[in-house]
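Trainee: Next comes upload.txt, compact mmCIF, C-alpha atoms and all ligand atoms:
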# COMPACT_ATOMS: atom_id res chain seq x y z
CA MET G 1 0.00 0.00 0.00
CA VAL G 2 1.34 3.42 -0.88
CA LEU G 3 1.09 5.47 2.29
CA THR G 4 -0.13 9.04 2.06
CA GLU G 5 1.85 11.86 3.64
CA LYS G 6 -0.29 11.74 6.78
CA TYR G 7 0.57 8.08 7.40
CA GLN G 8 4.23 8.59 6.58
CA LEU G 9 4.35 11.31 9.20
CA ILE G 10 2.75 9.05 11.82
CA LYS G 11 5.34 6.36 10.99
CA LYS G 12 8.17 8.86 11.30
CA LEU G 13 6.95 10.24 14.64
CA ALA G 14 6.59 6.74 16.07
CA ARG G 15 9.99 5.71 14.74
CA ASP G 16 11.60 8.81 16.25
CA PHE G 17 9.98 8.06 19.60
CA ALA G 18 11.17 4.44 19.51
CA GLU G 19 14.71 5.22 18.42
CA ASN G 20 15.23 8.18 20.77
CA GLU G 21 13.31 7.07 23.84
CA ILE G 22 14.05 3.32 23.89
CA PRO G 23 17.84 3.17 23.54
CA GLN G 24 19.75 -0.11 23.74
CA GLU G 25 20.65 0.44 27.42
CA LEU G 26 16.97 0.75 28.31
CA GLN G 27 16.14 -2.37 26.29
CA ASP G 28 18.88 -4.25 28.18
CA GLU G 29 17.58 -3.00 31.53
CA ILE G 30 14.06 -4.17 30.66
CA GLU G 31 15.36 -7.64 29.73
CA GLU G 32 17.36 -7.81 32.95
CA THR G 33 14.63 -6.64 35.35
CA HIS G 34 11.64 -8.03 33.39
CA LEU G 35 9.92 -4.66 33.97
CA LEU G 36 9.49 -1.44 32.05
CA PRO G 37 10.98 1.09 34.50
CA ASP G 38 8.43 3.40 36.17
CA SER G 39 10.18 6.44 34.69
CA PHE G 40 9.74 5.01 31.18
CA ARG G 41 6.08 4.19 31.81
CA GLU G 42 5.59 7.77 32.97
CA LYS G 43 7.24 9.03 29.79
CA ILE G 44 4.88 6.89 27.71
CA ALA G 45 1.91 8.15 29.73
CA LYS G 46 2.91 11.78 29.13
CA SER G 47 3.51 11.19 25.42
CA GLY G 48 -0.19 10.56 24.75
CA LEU G 49 0.62 7.20 23.13
CA LEU G 50 -1.66 5.30 25.54
CA GLY G 51 -4.68 7.01 24.01
CA MET G 52 -3.55 7.52 20.44
CA LYS G 53 -6.42 5.46 19.04
CA VAL G 54 -9.05 6.81 21.45
CA PRO G 55 -11.41 9.41 19.91
CA LYS G 56 -10.47 13.04 20.49
CA THR G 57 -13.77 13.55 22.39
CA TYR G 58 -12.24 11.54 25.24
CA GLY G 59 -8.87 13.25 25.10
CA GLY G 60 -7.25 10.72 22.77
CA GLY G 61 -5.30 11.16 19.58
CA GLY G 62 -8.17 10.01 17.36
CA LEU G 63 -5.97 7.95 15.04
CA ASP G 64 -7.71 5.62 12.65
CA THR G 65 -6.77 1.95 12.70
CA LEU G 66 -4.11 2.19 9.99
CA GLY G 67 -2.39 5.11 11.72
CA TYR G 68 -2.45 3.21 15.01
CA VAL G 69 -1.04 0.04 13.42
CA LEU G 70 1.77 1.99 11.75
CA ALA G 71 2.76 3.51 15.09
CA ILE G 72 2.71 0.17 16.93
CA GLU G 73 4.72 -1.45 14.13
CA GLU G 74 7.47 1.16 14.38
CA ILE G 75 7.67 0.88 18.18
CA SER G 76 7.68 -2.91 18.05
CA ARG G 77 10.56 -2.83 15.58
CA VAL G 78 12.67 -1.41 18.41
CA SER G 79 10.95 -2.89 21.48
CA CYS G 80 8.03 -5.29 21.17
CA VAL G 81 7.27 -5.14 24.87
CA SER G 82 6.98 -1.33 24.80
CA ALA G 83 4.58 -1.72 21.88
CA ILE G 84 2.55 -4.22 23.93
CA TYR G 85 2.26 -1.78 26.82
CA ILE G 86 1.03 0.96 24.48
CA SER G 87 -1.21 -1.35 22.49
CA GLY G 88 -2.72 -2.81 25.68
CA ALA G 89 -4.20 0.55 26.64
CA ASN G 90 -5.39 1.42 23.13
CA SER G 91 -6.95 -1.87 22.09
CA LEU G 92 -7.92 -4.49 24.69
CA GLY G 93 -8.01 -1.86 27.42
CA SER G 94 -10.08 0.83 25.73
CA GLY G 95 -11.98 -1.37 23.29
CA PRO G 96 -14.61 -2.77 25.67
CA LEU G 97 -15.45 0.76 26.88
CA LEU G 98 -15.62 2.21 23.39
CA GLN G 99 -17.96 -0.61 22.37
CA ALA G 100 -20.39 -0.29 25.23
CA GLY G 101 -19.49 2.38 27.79
CA THR G 102 -22.04 4.95 28.96
CA PRO G 103 -20.95 8.60 28.78
CA GLU G 104 -20.31 8.49 32.56
CA GLN G 105 -18.20 5.33 32.28
CA LEU G 106 -16.20 6.79 29.40
CA GLU G 107 -15.49 9.93 31.43
CA LYS G 108 -14.60 8.01 34.57
CA TYR G 109 -12.55 5.20 33.03
CA LEU G 110 -11.50 5.99 29.47
CA ARG G 111 -10.46 9.63 29.64
CA PRO G 112 -7.90 8.96 32.42
CA VAL G 113 -6.31 6.25 30.23
CA THR G 114 -5.67 8.76 27.47
CA TYR G 115 -4.04 11.11 30.02
CA GLY G 116 -1.93 8.25 31.39
CA GLU G 117 -3.65 8.50 34.79
CA LYS G 118 -5.22 5.02 34.74
CA TYR G 119 -4.08 1.79 33.09
CA PRO G 120 -6.66 -0.83 32.03
CA ALA G 121 -6.51 -4.63 31.73
CA PHE G 122 -8.67 -7.10 29.82
CA GLY G 123 -9.86 -10.15 31.76
CA LEU G 124 -11.32 -12.85 29.56
CA THR G 125 -9.10 -15.96 29.80
CA GLU G 126 -9.48 -18.44 32.66
CA PRO G 127 -7.63 -21.65 33.54
CA GLY G 128 -10.46 -23.70 31.98
CA ALA G 129 -11.43 -21.22 29.25
CA GLY G 130 -8.67 -20.22 26.82
CA SER G 131 -9.52 -20.77 23.16
CA ASP G 132 -13.01 -21.69 24.35
CA SER G 133 -13.49 -18.26 25.91
CA GLY G 134 -17.28 -18.59 25.86
CA GLY G 135 -16.80 -21.19 28.61
CA VAL G 136 -15.76 -18.76 31.33
CA GLN G 137 -16.78 -19.82 34.84
CA THR G 138 -16.31 -16.55 36.74
CA SER G 139 -19.74 -15.78 38.12
CA ALA G 140 -21.60 -12.54 38.72
CA VAL G 141 -24.71 -12.74 40.89
CA LYS G 142 -27.03 -9.78 41.39
CA ASP G 143 -27.22 -8.49 44.96
CA GLY G 144 -29.41 -5.36 45.14
CA ASP G 145 -27.61 -2.54 43.30
CA TYR G 146 -24.43 -4.62 43.24
CA TRP G 147 -23.03 -7.74 41.60
CA LEU G 148 -21.05 -10.32 43.53
CA LEU G 149 -18.15 -11.57 41.41
CA ASN G 150 -16.21 -14.78 42.06
CA GLY G 151 -13.61 -16.47 39.90
CA ARG G 152 -10.08 -16.46 38.55
CA LYS G 153 -8.79 -14.89 35.36
CA CYS G 154 -5.36 -15.94 34.13
CA PHE G 155 -2.61 -14.60 31.85
CA ILE G 156 -3.83 -11.03 32.28
CA THR G 157 -1.42 -8.58 30.67
CA ALA G 158 -0.24 -5.83 33.02
CA ALA G 159 -2.58 -6.97 35.82
CA PRO G 160 -0.19 -5.86 38.59
CA TRP G 161 -0.16 -2.34 37.11
CA ALA G 162 -3.82 -2.11 36.20
CA ASP G 163 -6.19 0.35 37.88
CA TYR G 164 -9.16 -1.60 36.59
CA THR G 165 -9.85 -4.79 34.65
CA VAL G 166 -12.77 -5.41 32.35
CA VAL G 167 -13.93 -8.81 33.60
CA TYR G 168 -16.20 -11.09 31.59
CA ALA G 169 -18.40 -13.11 33.94
CA LYS G 170 -21.32 -15.52 33.67
CA THR G 171 -24.62 -13.87 34.55
CA ASP G 172 -26.73 -16.68 33.08
CA PRO G 173 -24.84 -19.94 33.63
CA LYS G 174 -27.20 -21.96 31.42
CA ALA G 175 -26.88 -19.69 28.37
CA GLY G 176 -23.25 -20.41 27.37
CA SER G 177 -21.57 -17.50 25.59
CA ARG G 178 -24.95 -15.71 25.52
CA GLY G 179 -24.91 -15.55 29.32
CA ILE G 180 -21.75 -13.48 29.76
CA THR G 181 -21.69 -9.85 30.95
CA ALA G 182 -18.77 -7.41 31.11
CA PHE G 183 -17.93 -5.53 34.33
CA ILE G 184 -15.42 -2.79 35.08
CA VAL G 185 -13.63 -4.01 38.19
CA ASP G 186 -11.62 -1.47 40.17
CA MET G 187 -8.48 -3.33 41.25
CA LYS G 188 -8.64 -1.69 44.69
CA LEU G 189 -12.02 -3.22 45.54
CA PRO G 190 -12.02 -5.60 48.53
CA GLY G 191 -11.69 -9.21 47.33
CA VAL G 192 -9.56 -8.42 44.24
CA SER G 193 -6.02 -9.77 44.23
CA VAL G 194 -3.32 -10.35 41.65
CA GLY G 195 -1.17 -13.48 41.35
CA LYS G 196 2.60 -13.68 41.05
CA PRO G 197 3.77 -12.61 37.58
CA GLU G 198 4.29 -15.58 35.25
CA ASN G 199 7.89 -16.50 34.43
CA LYS G 200 7.66 -16.03 30.66
CA MET G 201 9.84 -16.99 27.69
CA GLY G 202 9.70 -13.55 26.10
CA ILE G 203 8.03 -10.15 26.01
CA LEU G 204 9.79 -9.50 29.29
CA GLY G 205 8.91 -6.11 30.73
CA VAL G 206 5.13 -6.22 31.12
CA PRO G 207 3.97 -8.62 33.86
CA THR G 208 1.31 -11.24 33.14
CA SER G 209 -0.67 -12.46 36.17
CA ASP G 210 -3.84 -14.03 37.45
CA VAL G 211 -6.64 -11.78 38.68
CA ILE G 212 -8.50 -13.41 41.56
CA LEU G 213 -12.01 -12.31 42.50
CA GLU G 214 -13.42 -13.35 45.87
CA ASP G 215 -16.87 -11.98 46.71
CA VAL G 216 -16.08 -8.72 44.95
CA ARG G 217 -18.99 -6.27 45.10
CA VAL G 218 -19.21 -4.35 41.84
CA SER G 219 -21.82 -1.64 41.55
CA ASP G 220 -24.43 -2.02 38.79
CA GLY G 221 -23.13 1.33 37.49
CA ASP G 222 -19.91 -0.49 36.58
CA ARG G 223 -21.68 -3.12 34.52
CA LEU G 224 -20.44 -2.55 30.99
CA GLY G 225 -23.04 -2.81 28.27
CA GLU G 226 -26.20 -4.85 28.22
CA LEU G 227 -26.78 -7.85 30.40
CA ASN G 228 -25.60 -11.09 28.73
CA ARG G 229 -24.00 -9.26 25.79
CA GLY G 230 -20.46 -9.38 27.11
CA PHE G 231 -19.17 -12.07 24.76
CA SER G 232 -20.00 -10.00 21.71
CA ASN G 233 -18.23 -7.05 23.38
CA ALA G 234 -15.12 -9.21 23.89
CA MET G 235 -15.11 -10.52 20.31
CA LYS G 236 -15.52 -7.05 18.78
CA THR G 237 -12.71 -5.77 21.00
CA LEU G 238 -10.51 -8.66 19.89
CA ASP G 239 -10.86 -7.65 16.22
CA TYR G 240 -8.93 -4.46 17.01
CA GLY G 241 -6.67 -6.32 19.41
CA ARG G 242 -5.71 -8.73 16.64
CA LEU G 243 -4.69 -5.83 14.41
CA GLY G 244 -2.59 -4.48 17.28
CA VAL G 245 -0.89 -7.89 17.58
CA SER G 246 -0.43 -7.96 13.79
CA ALA G 247 1.34 -4.61 14.05
CA GLN G 248 3.67 -5.99 16.72
CA CYS G 249 4.41 -8.90 14.37
CA LEU G 250 5.24 -6.59 11.46
CA GLY G 251 7.67 -4.69 13.70
CA LEU G 252 9.27 -7.92 14.91
CA GLY G 253 9.49 -9.24 11.34
CA GLN G 254 11.10 -6.03 10.10
CA ALA G 255 13.61 -6.09 12.95
CA ALA G 256 14.50 -9.72 12.17
CA LEU G 257 15.04 -8.86 8.51
CA ASP G 258 17.12 -5.75 9.39
CA GLU G 259 19.35 -7.77 11.72
CA ALA G 260 19.75 -10.60 9.21
CA ILE G 261 20.81 -8.21 6.43
CA LYS G 262 23.20 -6.31 8.70
CA TYR G 263 24.90 -9.40 10.09
CA SER G 264 25.17 -11.18 6.73
CA LYS G 265 27.06 -8.19 5.34
CA GLU G 266 29.51 -8.16 8.27
CA ARG G 267 30.36 -11.79 8.94
CA LYS G 268 32.84 -13.64 6.72
CA GLN G 269 33.23 -17.38 6.29
CA PHE G 270 35.09 -19.31 3.57
CA GLY G 271 36.73 -16.02 2.61
CA GLN G 272 33.51 -14.24 1.73
CA LYS G 273 30.68 -12.38 3.38
CA LEU G 274 27.63 -14.44 4.38
CA SER G 275 25.59 -12.13 2.15
CA GLU G 276 27.38 -13.62 -0.86
CA PHE G 277 26.19 -17.18 -0.24
CA GLN G 278 23.22 -17.85 -2.46
CA ALA G 279 21.50 -20.01 0.18
CA LEU G 280 21.40 -17.04 2.57
CA ARG G 281 20.53 -14.53 -0.14
CA PHE G 282 17.48 -16.66 -0.98
CA MET G 283 16.60 -16.90 2.70
CA ILE G 284 16.65 -13.10 2.94
CA ALA G 285 14.62 -12.78 -0.25
CA ASP G 286 11.98 -15.12 1.23
CA MET G 287 11.93 -13.17 4.49
CA ALA G 288 11.36 -9.84 2.71
CA THR G 289 8.63 -11.32 0.52
CA GLU G 290 6.77 -12.89 3.43
CA LEU G 291 6.97 -9.64 5.41
CA TYR G 292 5.72 -7.60 2.48
CA ALA G 293 2.73 -9.91 1.93
CA ALA G 294 1.79 -9.83 5.62
CA ARG G 295 2.11 -6.04 5.73
CA GLU G 296 -0.24 -5.58 2.77
CA LEU G 297 -2.78 -7.93 4.34
CA VAL G 298 -2.66 -6.12 7.70
CA TYR G 299 -2.89 -2.59 6.27
CA ASN G 300 -5.79 -3.62 4.05
CA ALA G 301 -7.62 -5.16 7.04
CA CYS G 302 -7.24 -1.81 8.87
CA VAL G 303 -8.95 0.01 6.03
CA LEU G 304 -11.75 -2.57 5.88
CA LYS G 305 -12.23 -2.38 9.66
CA ASP G 306 -12.61 1.40 9.59
CA LYS G 307 -15.10 1.12 6.74
CA ASN G 308 -17.16 -1.38 8.78
CA ASP G 309 -16.85 -3.83 5.91
CA PRO G 310 -18.83 -7.02 6.65
CA GLN G 311 -15.69 -9.09 5.89
CA ALA G 312 -13.45 -7.03 8.20
CA SER G 313 -13.55 -9.43 11.11
CA MET G 314 -12.32 -12.29 8.91
CA HIS G 315 -9.55 -10.05 7.58
CA CYS G 316 -8.50 -9.20 11.15
CA SER G 317 -8.12 -12.93 11.82
CA MET G 318 -6.29 -13.50 8.52
CA SER G 319 -3.90 -10.66 9.42
CA LYS G 320 -3.20 -11.98 12.88
CA TYR G 321 -2.79 -15.54 11.60
CA MET G 322 -0.44 -14.68 8.77
CA SER G 323 1.63 -11.99 10.49
CA SER G 324 2.18 -14.00 13.67
CA GLU G 325 3.33 -17.05 11.72
CA MET G 326 5.44 -14.74 9.52
CA CYS G 327 7.34 -13.15 12.44
CA ASN G 328 8.10 -16.60 13.85
CA HIS G 329 9.50 -17.75 10.46
CA LEU G 330 11.55 -14.57 10.14
CA ALA G 331 12.92 -14.71 13.66
CA TYR G 332 13.88 -18.36 13.11
CA LYS G 333 15.70 -17.51 9.89
CA ALA G 334 17.40 -14.45 11.39
CA VAL G 335 18.81 -16.66 14.16
CA GLN G 336 19.88 -19.22 11.54
CA ILE G 337 21.76 -16.55 9.59
CA HIS G 338 23.56 -15.51 12.80
CA GLY G 339 24.70 -19.10 13.40
CA GLY G 340 25.73 -19.77 17.03
CA TYR G 341 25.86 -16.06 17.77
CA GLY G 342 22.11 -15.87 17.23
CA TYR G 343 21.70 -18.08 20.28
CA ILE G 344 23.57 -15.62 22.48
CA LYS G 345 21.74 -12.86 24.33
CA ASP G 346 24.20 -10.19 23.15
CA TYR G 347 22.56 -10.41 19.74
CA LYS G 348 19.15 -8.83 19.20
CA VAL G 349 17.81 -11.80 17.23
CA GLU G 350 17.85 -13.95 20.37
CA ARG G 351 15.20 -11.66 21.92
CA LEU G 352 13.24 -11.32 18.69
CA TYR G 353 12.98 -15.12 18.53
CA ARG G 354 11.52 -15.27 22.05
CA ASP G 355 9.27 -12.23 21.59
CA ALA G 356 7.87 -13.68 18.36
CA ARG G 357 6.79 -16.95 19.95
CA VAL G 358 3.80 -15.61 21.87
CA GLN G 359 2.32 -13.83 18.87
CA SER G 360 0.65 -16.94 17.46
CA LEU G 361 -0.70 -17.83 20.91
CA TYR G 362 -2.36 -14.84 22.53
CA GLU G 363 -5.52 -13.02 21.41
CA GLY G 364 -6.55 -16.27 19.74
CA THR G 365 -4.08 -18.95 18.64
CA SER G 366 -3.41 -19.53 14.94
CA GLN G 367 -5.87 -22.41 15.08
CA VAL G 368 -8.57 -20.10 16.49
CA GLN G 369 -7.91 -17.65 13.64
CA GLN G 370 -8.30 -20.54 11.18
CA ILE G 371 -11.62 -21.39 12.82
CA VAL G 372 -12.85 -17.79 12.42
CA ILE G 373 -11.72 -17.63 8.78
CA ALA G 374 -13.24 -21.02 7.90
CA ASN G 375 -16.51 -20.18 9.70
CA ASN G 376 -16.78 -17.03 7.58
CA LEU G 377 -16.17 -18.93 4.36
CA LEU G 378 -18.24 -22.01 5.09
CA LYS G 379 -21.40 -20.44 6.54
C1 LIG G 401 1.77 -13.53 27.53
C2 LIG G 401 0.29 -13.71 27.47
C3 LIG G 401 -0.53 -12.62 27.67
C4 LIG G 401 -1.92 -12.78 27.65
N1 LIG G 401 -2.73 -11.70 27.91
C5 LIG G 401 -4.06 -11.90 28.06
C6 LIG G 401 -4.91 -10.83 28.52
O1 LIG G 401 -4.46 -9.70 28.75
N2 LIG G 401 -6.22 -11.09 28.71
C7 LIG G 401 -6.78 -12.31 28.47
O2 LIG G 401 -7.97 -12.46 28.67
N3 LIG G 401 -5.99 -13.35 28.03
C8 LIG G 401 -4.65 -13.17 27.83
N4 LIG G 401 -3.86 -14.21 27.41
C9 LIG G 401 -4.46 -15.52 27.19
C10 LIG G 401 -4.42 -15.99 25.74
O3 LIG G 401 -5.31 -15.26 24.97
C11 LIG G 401 -4.68 -17.51 25.74
O4 LIG G 401 -3.51 -18.12 26.25
C12 LIG G 401 -5.02 -18.04 24.38
O5 LIG G 401 -6.29 -17.58 23.97
C13 LIG G 401 -5.00 -19.57 24.30
O6 LIG G 401 -5.69 -20.16 25.36
P1 LIG G 401 -4.97 -21.33 26.21
O7 LIG G 401 -3.62 -20.84 26.58
O8 LIG G 401 -5.88 -21.76 27.28
O9 LIG G 401 -4.75 -22.52 25.16
P2 LIG G 401 -5.81 -23.68 24.79
O10 LIG G 401 -7.11 -23.09 24.45
O11 LIG G 401 -5.76 -24.72 25.84
O12 LIG G 401 -5.16 -24.27 23.45
C14 LIG G 401 -4.13 -25.27 23.46
C15 LIG G 401 -3.91 -25.71 22.00
O13 LIG G 401 -5.11 -26.30 21.49
C16 LIG G 401 -5.50 -25.64 20.29
N5 LIG G 401 -6.96 -25.62 20.21
C17 LIG G 401 -7.86 -25.25 21.17
N6 LIG G 401 -9.11 -25.36 20.72
C18 LIG G 401 -9.03 -25.80 19.43
C19 LIG G 401 -9.98 -26.09 18.41
N7 LIG G 401 -11.30 -25.94 18.61
N8 LIG G 401 -9.52 -26.55 17.21
C20 LIG G 401 -8.18 -26.69 16.98
N9 LIG G 401 -7.24 -26.42 17.91
C21 LIG G 401 -7.65 -25.96 19.10
C22 LIG G 401 -4.91 -24.23 20.41
O14 LIG G 401 -4.77 -23.60 19.14
C23 LIG G 401 -3.57 -24.53 21.07
O15 LIG G 401 -2.67 -24.96 20.09
C24 LIG G 401 -2.47 -14.06 27.38
C25 LIG G 401 -1.62 -15.15 27.15
C26 LIG G 401 -0.25 -14.99 27.20
C27 LIG G 401 0.62 -16.19 26.99
Rewrite the coordinates I just gave you, this time as structure tokens.
Ligand SMILES: Cc1cc2nc3c(=O)[nH]c(=O)nc-3n(C[C@H](O)[C@H](O)[C@H](O)COP(=O)(O)OP(=O)(O)OC[C@H]3O[C@@H](n4cnc5c(N)ncnc54)[C@H](O)[C@@H]3O)c2cc1C

Mentor:
Amino acid sequence: MVLTEKYQLIKKLARDFAENEIPQELQDEIEETHLLPDSFREKIAKSGLLGMKVPKTYGGGGLDTLGYVLAIEEISRVSCVSAIYISGANSLGSGPLLQAGTPEQLEKYLRPVTYGEKYPAFGLTEPGAGSDSGGVQTSAVKDGDYWLLNGRKCFITAAPWADYTVVYAKTDPKAGSRGITAFIVDMKLPGVSVGKPENKMGILGVPTSDVILEDVRVSDGDRLGELNRGFSNAMKTLDYGRLGVSAQCLGLGQAALDEAIKYSKERKQFGQKLSEFQALRFMIADMATELYAARELVYNACVLKDKNDPQASMHCSMSKYMSSEMCNHLAYKAVQIHGGYGYIKDYKVERLYRDARVQSLYEGTSQVQQIVIANNLLK
């Protein structure tokens, strides 16, 4: 896709932010401590990036989906985990509210996200309900003007930092996915606790934890959207989330290609540069082609999504499926081109390889994307 001047400017601004504000030393510190430093999170909060996709009415940047994806891609090229932190607020965090929030809820919960004053989390997955997210067991029982929530959410991105989590709970246990309602759960409410951060393979820097709910009283005013319509809210939110993940994958893929080209031009074996071996030249040609194809698919899905095209949801799944597989292939090949050095932490491709792995797992595995695509085609 030929990008207009507006989109090129967005790309440039995001690239400048990534290159100037996330230097190598900071990336190393994040890998070492497994946490984005507070000072860096504050810088992100002040930059307005946490609300770049939120409409201007709520203090956000009002970017359309393509602009948002371009920005996330550029940041992920330098630091995937920083992109995840930014994307988390813009997509899975803000999405449920933008789908169904009342004006009061949007003022109370969304506007502070755009100002970096509150950070949201998205609580769908449970130990027994991953791909089968309609099978959540967390319960919400009406108690006067309140709801009593009980259950356990797992793998929740940024849970230890979150000010609130949108929790999907069963309000009609017999109705399957049609008996789920969304609630905005303030993390300071009595009965809410957060588990120990998971010890992950990659995307080190943003903690992933359980959210445990024990007799948590949530006011009916914090019920999000209509009763028993929560599953549809989650699925619509995930369409945007999947484009955010696709953007992370494009950034990771580009970084893997950049590193492979750079290293192959430096390293010599058998008296010549690696870049002169036809086997590796072909590998790099394949990497660039696969990245280009994924990028076109993702950008096109963004345009379809903003046009409310009836096929957009399928294209979001196709984008996430293809780009997440792509970044894994590219990271694998970039390590291969680095030989043994690619297995050593001093080389960026080692991290890219680990950061790529989760992309085909979260926000719907590749198999779940295939299910969505096939269901659209075989109705
Ligand atoms: C780092 C990280 C961050 C996350 N952040 C969040 C978050 O913020 N909020 C949130 O709610 N969740 C989050 N998740 C959860 C994530 O979305 C789930 O892990 C994912 O949806 C898969 O669920 P599962 O792990 O239970 O795997 P399972 O559903 O148990 O799947 C296991 C395997 O079976 C396959 N499979 C399952 N069903 C089918 C089927 N019908 N047909 C074919 N194959 C199938 C899957 O593709 C997979 O290969 C996160 C996960 C990770 C790892």

Trainee: Mind listing the residues within 9 Å of ligand LIG 401 (chain G), only C-alpha atoms and all ligand atoms counted, as a PDB file with C-alpha atoms, in the coordinates of the input?

Mentor:
ATOM      1  CA  GLY G  88      -2.720  -2.810  25.680  1.00  0.00           C
ATOM      2  CA  LEU G  92      -7.920  -4.490  24.690  1.00  0.00           C
ATOM      3  CA  GLY G  93      -8.010  -1.860  27.420  1.00  0.00           C
ATOM      4  CA  ALA G 121      -6.510  -4.630  31.730  1.00  0.00           C
ATOM      5  CA  PHE G 122      -8.670  -7.100  29.820  1.00  0.00           C
ATOM      6  CA  GLY G 123      -9.860 -10.150  31.760  1.00  0.00           C
ATOM      7  CA  LEU G 124     -11.320 -12.850  29.560  1.00  0.00           C
ATOM      8  CA  THR G 125      -9.100 -15.960  29.800  1.00  0.00           C
ATOM      9  CA  GLU G 126      -9.480 -18.440  32.660  1.00  0.00           C
ATOM     10  CA  PRO G 127      -7.630 -21.650  33.540  1.00  0.00           C
ATOM     11  CA  GLY G 128     -10.460 -23.700  31.980  1.00  0.00           C
ATOM     12  CA  ALA G 129     -11.430 -21.220  29.250  1.00  0.00           C
ATOM     13  CA  GLY G 130      -8.670 -20.220  26.820  1.00  0.00           C
ATOM     14  CA  SER G 131      -9.520 -20.770  23.160  1.00  0.00           C
ATOM     15  CA  ASP G 132     -13.010 -21.690  24.350  1.00  0.00           C
ATOM     16  CA  SER G 133     -13.490 -18.260  25.910  1.00  0.00           C
ATOM     17  CA  LYS G 153      -8.790 -14.890  35.360  1.00  0.00           C
ATOM     18  CA  CYS G 154      -5.360 -15.940  34.130  1.00  0.00           C
ATOM     19  CA  PHE G 155      -2.610 -14.600  31.850  1.00  0.00           C
ATOM     20  CA  ILE G 156      -3.830 -11.030  32.280  1.00  0.00           C
ATOM     21  CA  THR G 157      -1.420  -8.580  30.670  1.00  0.00           C
ATOM     22  CA  ALA G 158      -0.240  -5.830  33.020  1.00  0.00           C
ATOM     23  CA  ALA G 159      -2.580  -6.970  35.820  1.00  0.00           C
ATOM     24  CA  VAL G 167     -13.930  -8.810  33.600  1.00  0.00           C
ATOM     25  CA  TYR G 168     -16.200 -11.090  31.590  1.00  0.00           C
ATOM     26  CA  GLU G 198       4.290 -15.580  35.250  1.00  0.00           C
ATOM     27  CA  LYS G 200       7.660 -16.030  30.660  1.00  0.00           C
ATOM     28  CA  MET G 201       9.840 -16.990  27.690  1.00  0.00           C
ATOM     29  CA  GLY G 202       9.700 -13.550  26.100  1.00  0.00           C
ATOM     30  CA  ILE G 203       8.030 -10.150  26.010  1.00  0.00           C
ATOM     31  CA  VAL G 206       5.130  -6.220  31.120  1.00  0.00           C
ATOM     32  CA  PRO G 207       3.970  -8.620  33.860  1.00  0.00           C
ATOM     33  CA  THR G 208       1.310 -11.240  33.140  1.00  0.00           C
ATOM     34  CA  SER G 209      -0.670 -12.460  36.170  1.00  0.00           C
ATOM     35  CA  VAL G 358       3.800 -15.610  21.870  1.00  0.00           C
ATOM     36  CA  GLN G 359       2.320 -13.830  18.870  1.00  0.00           C
ATOM     37  CA  SER G 360       0.650 -16.940  17.460  1.00  0.00           C
ATOM     38  CA  LEU G 361      -0.700 -17.830  20.910  1.00  0.00           C
ATOM     39  CA  TYR G 362      -2.360 -14.840  22.530  1.00  0.00           C
ATOM     40  CA  GLU G 363      -5.520 -13.020  21.410  1.00  0.00           C
ATOM     41  CA  GLY G 364      -6.550 -16.270  19.740  1.00  0.00           C
ATOM     42  CA  THR G 365      -4.080 -18.950  18.640  1.00  0.00           C
ATOM     43  CA  SER G 366      -3.410 -19.530  14.940  1.00  0.00           C
ATOM     44  CA  GLN G 367      -5.870 -22.410  15.080  1.00  0.00           C
ATOM     45  CA  VAL G 368      -8.570 -20.100  16.490  1.00  0.00           C
ATOM     46  CA  GLN G 369      -7.910 -17.650  13.640  1.00  0.00           C
ATOM     47  CA  GLN G 370      -8.300 -20.540  11.180  1.00  0.00           C
ATOM     48  CA  ILE G 371     -11.620 -21.390  12.820  1.00  0.00           C
TER      49      ILE G 371
END

Trainee: Distance atom CA of G:Arg354-atom CA of G:Ala331, one decimal place?

Mentor: 8.5 Å

Trainee: List the spatial neighbours of stretch 56-70 of chain G as a ChimeraX atom specification - criterion: any atom at most 6 Å away, only C-alpha atoms, same-chain residues fewer than 6 positions off excluded.

Mentor: /G:11,111,114,247,302

Trainee: What does the structure give for the distance between atom CA of G:Thr171 and atom CA of G:Glu107, in Å to one decimal?

Mentor: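 Computing it gives 25.7 Å between the two atoms.
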
Trainee: Could you list as number ranges by chain every residue that has an atom within 9 Å of (11.7, -4.4, 31.0), using the file's coordinates and counting all atoms listed in the file?

Mentor: G: 26-37, 81-82, 203-206

Trainee: Can I get the selected residues back with C-alpha atoms, as a short mmCIF file (atom, residue, chain, number, x, y, z; two decimals), keeping the file's coordinate frame?

Mentor:
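Done, and the output landed in part.cif:
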data_model
loop_
_atom_site.label_atom_id
_atom_site.label_comp_id
_atom_site.auth_asym_id
_atom_site.auth_seq_id
_atom_site.Cartn_x
_atom_site.Cartn_y
_atom_site.Cartn_z
CA LEU G 26 16.97 0.75 28.31
CA GLN G 27 16.14 -2.37 26.29
CA ASP G 28 18.88 -4.25 28.18
CA GLU G 29 17.58 -3.00 31.53
CA ILE G 30 14.06 -4.17 30.66
CA GLU G 31 15.36 -7.64 29.73
CA GLU G 32 17.36 -7.81 32.95
CA THR G 33 14.63 -6.64 35.35
CA HIS G 34 11.64 -8.03 33.39
CA LEU G 35 9.92 -4.66 33.97
CA LEU G 36 9.49 -1.44 32.05
CA PRO G 37 10.98 1.09 34.50
CA VAL G 81 7.27 -5.14 24.87
CA SER G 82 6.98 -1.33 24.80
CA ILE G 203 8.03 -10.15 26.01
CA LEU G 204 9.79 -9.50 29.29
CA GLY G 205 8.91 -6.11 30.73
CA VAL G 206 5.13 -6.22 31.12
#
